[in-house]
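Working notes, structure below.
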Amino acid sequence: MDPVKIGIIGCGNISNQYLELARQFPILDIAACADLNLDAARAQAEKYNVPQACTVEQLLADDRIELVINLTIPAAHASVALKTIEARKHVYNEKPLAVTVDEANQMLAAAEQKQVRIGCAPDTFLGTAHQACRKAIDEGVIGRPVAATAFMLCRGHETWHPSPAFYYKVGGGPMFDMGPYYLTALINLLGPIARVTGSAGIQIDPRTITSQPLNGQTIDVETPDHVAGTIEFAQGAIGTIITSFAAAHSPHDRRHPITIFGTEGTMQVPDPNNFDGSVLVCGVADKEWREVTVEHDHPNGRSLGVADMAHAIRDRRPHRASGEIAFAVLAAMQGFLTAADTGQAQTLDTSYDRPAMLGLGLSDGVLTEPASAAK
């Protein structure tokens with residue numbers, strides 16, 4: 001199978017993970033990287049042996065490149081994706097898909113018109129542990145899922161990130177920054193979301209940066225830094241999610257921040273910001289938790305979703321970390337904030353499907369499909 005030539009736009013912190021972990025997948029051929037700061041692109045190209053560092057315009061004009069990984073800041077996700085689509089290239093966005101549902105709608109419409117694909121992080125739901133969670137739920141290990149909780153509470157990113165201001169602007173905040181991991185995991189396990197409600201507020205403003213090199217500078221907070229939401233899934237389960245950049249010393253289990261409650265037992269789901277971890281279940285008659293066997297053995301790491309997308313392009317099948325799933329996550333996140341502003345529950349489109357499970361491993365470096373997905 002011929003590799004898919006990849007271009008990366010945006011050479012900030014997160015690009016290190018994509019550039020490093022893409023090496024695990026022979027289907028991915030990183031051909032060029034670009035950034036508004038050309039020196040940053042050159043540095044990453046030299047560090048990771050990428051053949052070309054160039055401007056964004058040069059990358060988009062390169063006919064060899066089939067798929068662009070868009071690692072720009074959230075406010076630029078839509079504009080860069082639309083330029084990529086206009087160049088008739090597939091695009092894989094870092095999360096969130098866009099800052100607003102209106103922007104995301106424009107992207108999906110443009111991709112359909114140009115007959116290219118949109119993918120989007122997070123791809124952690126494809127990790128070995130989260131696929132084990134999905135397999136156990138689908139096999140009825142905890143019976144019919146009836147409820148879920150998901151918690152991500154911390155003090156904020158200004159203590160460690162070198163340039164944290166964008167986390168507190170529109171398109172940032174704990175829900176838009178971390179919510180995609182949790183909501184994507186929940187959709188993978190429980191299916192489409194039908195309705196959401198929410199409460200949100202700005203709890204700490206301004207913020208003082210204590211990381212380098214901007215130590216001592218302040219940030220005006222422009223988006224809620226604490227969001228609590230209620231989720232009604234189309235299949236009947238009810239979920240509670242809290243994301244916060246205003247909480248210190250949260251006592252919840254950070255190794256298992258998601259819990260799924262079923263008619264026959266309960267499951268503790270590992271951190272959806274990671275690909276692996278222990279999966280714990282306890283049946284209604286059990287006295288102790290037991291660990292679920294993780295059967296999947298494919299490589300974990302950011303680029304897994306891109307690799308699946310590249311295989312899907314070659315195989316002409318749907319890819320899993322899709323624009324449709326990312327749109328559903330974005331609609332839910334915006335729904336929480338809209339519900340908080342209006343006091344009214346928000347009904348969501350549930351026409352999307354849960355992504356198909358991955359096969360159990362690699363075959364000559366190729367992600368395998370489960371038997372049920374075989375043509």
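Residue numbering restarts at 1 for every chain of the structure tokens, chains are lettered A, B, ... in their displayed order, and ligands are numbered from 1 as they appear.
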If we count only C-alpha atoms, what is near Ile202 (chain A) at a cut-off of 12 Å, once residues fewer than 3 positions away on the same chain are taken out, given as a list in words? Tyr168, Lys169, Gly173, Pro174, Ser199, Asp205, Pro206, Arg207, Asp220, Val221, Glu222, Thr223, Pro224, Asp225, His226, Val227, Ser244, Phe245, Ala246, Leu337 and Ala340 of chain A
Using only C-alpha atoms, which residues sit within 12 Å of Pro257 (chain A) once same-chain residues fewer than 2 positions away are excluded, as a PyMOL selection string? chain A and resi 148-153+181-182+185-186+240-243+250-255+259-260+267-274+277-280
Produce a file of the selected residues containing N, CA and C atoms, as a CSV table (one decimal), in the first residue's frame.
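What ended up in result26.csv:
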chain,number,residue,atom,x,y,z
A,148,ALA,N,-23.4,7.9,33.3
A,148,ALA,CA,-21.9,8.1,33.1
A,148,ALA,C,-21.6,9.4,33.9
A,149,THR,N,-20.3,9.4,34.4
A,149,THR,CA,-19.8,10.6,34.9
A,149,THR,C,-18.4,10.8,34.3
A,150,ALA,N,-18.0,12.1,34.1
A,150,ALA,CA,-16.8,12.4,33.5
A,150,ALA,C,-16.3,13.7,34.1
A,151,PHE,N,-15.1,13.7,34.7
A,151,PHE,CA,-14.6,14.8,35.5
A,151,PHE,C,-13.1,15.2,35.0
A,152,MET,N,-12.9,16.5,34.7
A,152,MET,CA,-11.6,17.0,34.4
A,152,MET,C,-11.5,18.3,35.1
A,153,LEU,N,-10.9,18.3,36.3
A,153,LEU,CA,-10.7,19.5,37.1
A,153,LEU,C,-9.3,19.8,37.4
A,181,TYR,N,-11.7,15.3,24.5
A,181,TYR,CA,-11.3,14.0,24.9
A,181,TYR,C,-12.4,13.2,25.6
A,182,TYR,N,-13.1,13.8,26.5
A,182,TYR,CA,-14.1,13.1,27.3
A,182,TYR,C,-15.4,12.9,26.5
A,185,ALA,N,-14.7,10.1,23.9
A,185,ALA,CA,-14.7,8.8,24.6
A,185,ALA,C,-16.1,8.4,24.9
A,186,LEU,N,-17.0,9.3,25.4
A,186,LEU,CA,-18.3,8.9,25.7
A,186,LEU,C,-19.2,8.5,24.5
A,240,THR,N,-23.1,13.0,33.3
A,240,THR,CA,-22.7,14.3,33.9
A,240,THR,C,-21.3,14.5,33.6
A,241,ILE,N,-20.9,15.8,33.2
A,241,ILE,CA,-19.6,16.1,32.8
A,241,ILE,C,-19.2,17.4,33.5
A,242,ILE,N,-18.1,17.5,34.1
A,242,ILE,CA,-17.5,18.8,34.7
A,242,ILE,C,-16.1,19.0,34.2
A,243,THR,N,-15.9,20.2,33.6
A,243,THR,CA,-14.5,20.5,33.2
A,243,THR,C,-14.2,21.9,33.9
A,250,SER,N,-8.5,18.4,43.3
A,250,SER,CA,-9.7,17.6,43.1
A,250,SER,C,-9.5,16.2,43.5
A,251,PRO,N,-10.4,15.6,44.3
A,251,PRO,CA,-10.2,14.3,44.9
A,251,PRO,C,-10.6,13.1,44.0
A,252,HIS,N,-11.2,13.4,42.8
A,252,HIS,CA,-11.6,12.3,41.9
A,252,HIS,C,-10.4,11.6,41.4
A,253,ASP,N,-10.6,10.3,41.0
A,253,ASP,CA,-9.6,9.4,40.5
A,253,ASP,C,-9.1,9.9,39.1
A,254,ARG,N,-7.9,10.5,39.1
A,254,ARG,CA,-7.4,11.0,37.8
A,254,ARG,C,-7.0,9.9,36.8
A,255,ARG,N,-6.7,8.7,37.4
A,255,ARG,CA,-6.4,7.6,36.5
A,255,ARG,C,-7.6,7.1,35.8
A,259,THR,N,-16.6,7.2,34.5
A,259,THR,CA,-17.2,6.0,35.1
A,259,THR,C,-18.5,5.7,34.3
A,260,ILE,N,-18.7,4.5,33.8
A,260,ILE,CA,-19.9,4.1,33.1
A,260,ILE,C,-20.7,3.1,34.0
A,267,MET,N,-18.0,0.3,35.2
A,267,MET,CA,-16.7,0.3,34.5
A,267,MET,C,-16.0,1.6,34.8
A,268,GLN,N,-14.7,1.5,35.2
A,268,GLN,CA,-13.9,2.7,35.3
A,268,GLN,C,-13.0,2.8,34.1
A,269,VAL,N,-13.1,3.9,33.4
A,269,VAL,CA,-12.5,4.2,32.1
A,269,VAL,C,-11.2,5.0,32.3
A,270,PRO,N,-10.1,4.6,31.8
A,270,PRO,CA,-8.9,5.4,32.0
A,270,PRO,C,-8.9,6.7,31.3
A,271,ASP,N,-8.0,7.6,31.7
A,271,ASP,CA,-7.9,9.0,31.2
A,271,ASP,C,-8.0,9.1,29.7
A,272,PRO,N,-9.0,9.7,29.2
A,272,PRO,CA,-9.2,9.8,27.7
A,272,PRO,C,-8.2,10.7,27.0
A,273,ASN,N,-7.4,11.4,27.8
A,273,ASN,CA,-6.3,12.2,27.2
A,273,ASN,C,-5.1,11.3,26.9
A,274,ASN,N,-5.2,10.0,27.3
A,274,ASN,CA,-4.2,9.0,27.1
A,274,ASN,C,-4.8,7.9,26.3
A,277,GLY,N,-3.9,2.5,29.7
A,277,GLY,CA,-4.3,2.5,31.1
A,277,GLY,C,-5.1,1.3,31.4
A,278,SER,N,-5.4,1.1,32.7
A,278,SER,CA,-6.1,-0.1,33.2
A,278,SER,C,-7.6,0.2,33.1
A,279,VAL,N,-8.3,-0.8,32.7
A,279,VAL,CA,-9.8,-0.8,32.5
A,279,VAL,C,-10.4,-1.7,33.6
A,280,LEU,N,-11.2,-1.1,34.5
A,280,LEU,CA,-11.7,-1.8,35.7
A,280,LEU,C,-13.2,-2.0,35.6
Please identify every residue of region 5-80 of chain A that has at least one atom no farther than 10 Å from an atom of region 114-138 of chain A, counting only C-alpha atoms, and for each give the shortest atom pair and the distance in Å to one decimal, arranged by chain then increasing number, as a Markdown table.
| residue | atom | partner | partner_atom | distance |
| --- | --- | --- | --- | --- |
| A:Glu66 | CA | A:Val116 | CA | 9.6 |
| A:Leu67 | CA | A:Arg117 | CA | 8.8 |
| A:Val68 | CA | A:Ile118 | CA | 9.8 |
| A:Ile69 | CA | A:Cys120 | CA | 9.0 |
| A:Asn70 | CA | A:Cys120 | CA | 9.0 |
Pick from A:Val306, A:Leu28, A:Leu214, A:Ile325 nearest to Tyr352 (chain A), counting only C-alpha atoms: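 Smallest separation from Tyr352 (chain A) among the options: A:Ile325.
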As a ChimeraX atom specification, please: the residues near Gln344 (chain A) (cut-off 8 Å, only C-alpha atoms, same-chain neighbours under 5 positions excluded). /A:197,338-339
What would the file look like if the residues just selected were written as a CSV table (one decimal), in the first residue's frame with C-alpha atoms?
chain,number,residue,atom,x,y,z
A,197,THR,CA,-28.0,21.2,29.5
A,338,THR,CA,-25.7,28.1,25.1
A,339,ALA,CA,-27.8,26.2,27.7
Quick one: pick out all alpha helix (DSSP H) residues within region 2-194 of chain A from a backbone DSSP run and write them as a ChimeraX atom specification. /A:15-21,38-48,56-60,77-86,101-114,128-138,173-190
Using only C-alpha atoms: which of A:Ala345, A:Ala53, A:Ala247, A:Ala307 has the shortest distance to Pro26 (chain A):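 The answer is A:Ala307, which sits nearest to Pro26 (chain A).
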Considering only C-alpha atoms, can you say which of A:Ile313, A:Gly143, A:Phe275, A:Ala22 comes closest to Asn300 (chain A)?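 With only C-alpha atoms as the atom set, the closest residue is A:Phe275.
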Mind pulling up the distance from CA of Ser211 (chain A) to CA of Thr159 (chain A)?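 Computed distance, CA of Thr159 (chain A) to CA of Ser211 (chain A), equals 5.0 Å.
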Determine the nearest neighbour of Asn93 (chain A) from the options A:Ala110, A:Ile73, A:Ile193, A:Val329, counting only C-alpha atoms. A:Ile73
Have a look at A:Val146, A:Arg64, A:Ala75, A:Thr347 and name the one nearest to Tyr167 (chain A); count only C-alpha atoms.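 So, comparing all the options, the nearest one is A:Ala75.
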With only C-alpha atoms as the atoms that count, which of A:Asp286, A:Asp63, A:Glu86, A:Asp276 lies nearest to Pro299 (chain A)?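 Ranking A:Asp286, A:Asp63, A:Glu86, A:Asp276 by distance to Pro299 (chain A), first place goes to A:Asp276.
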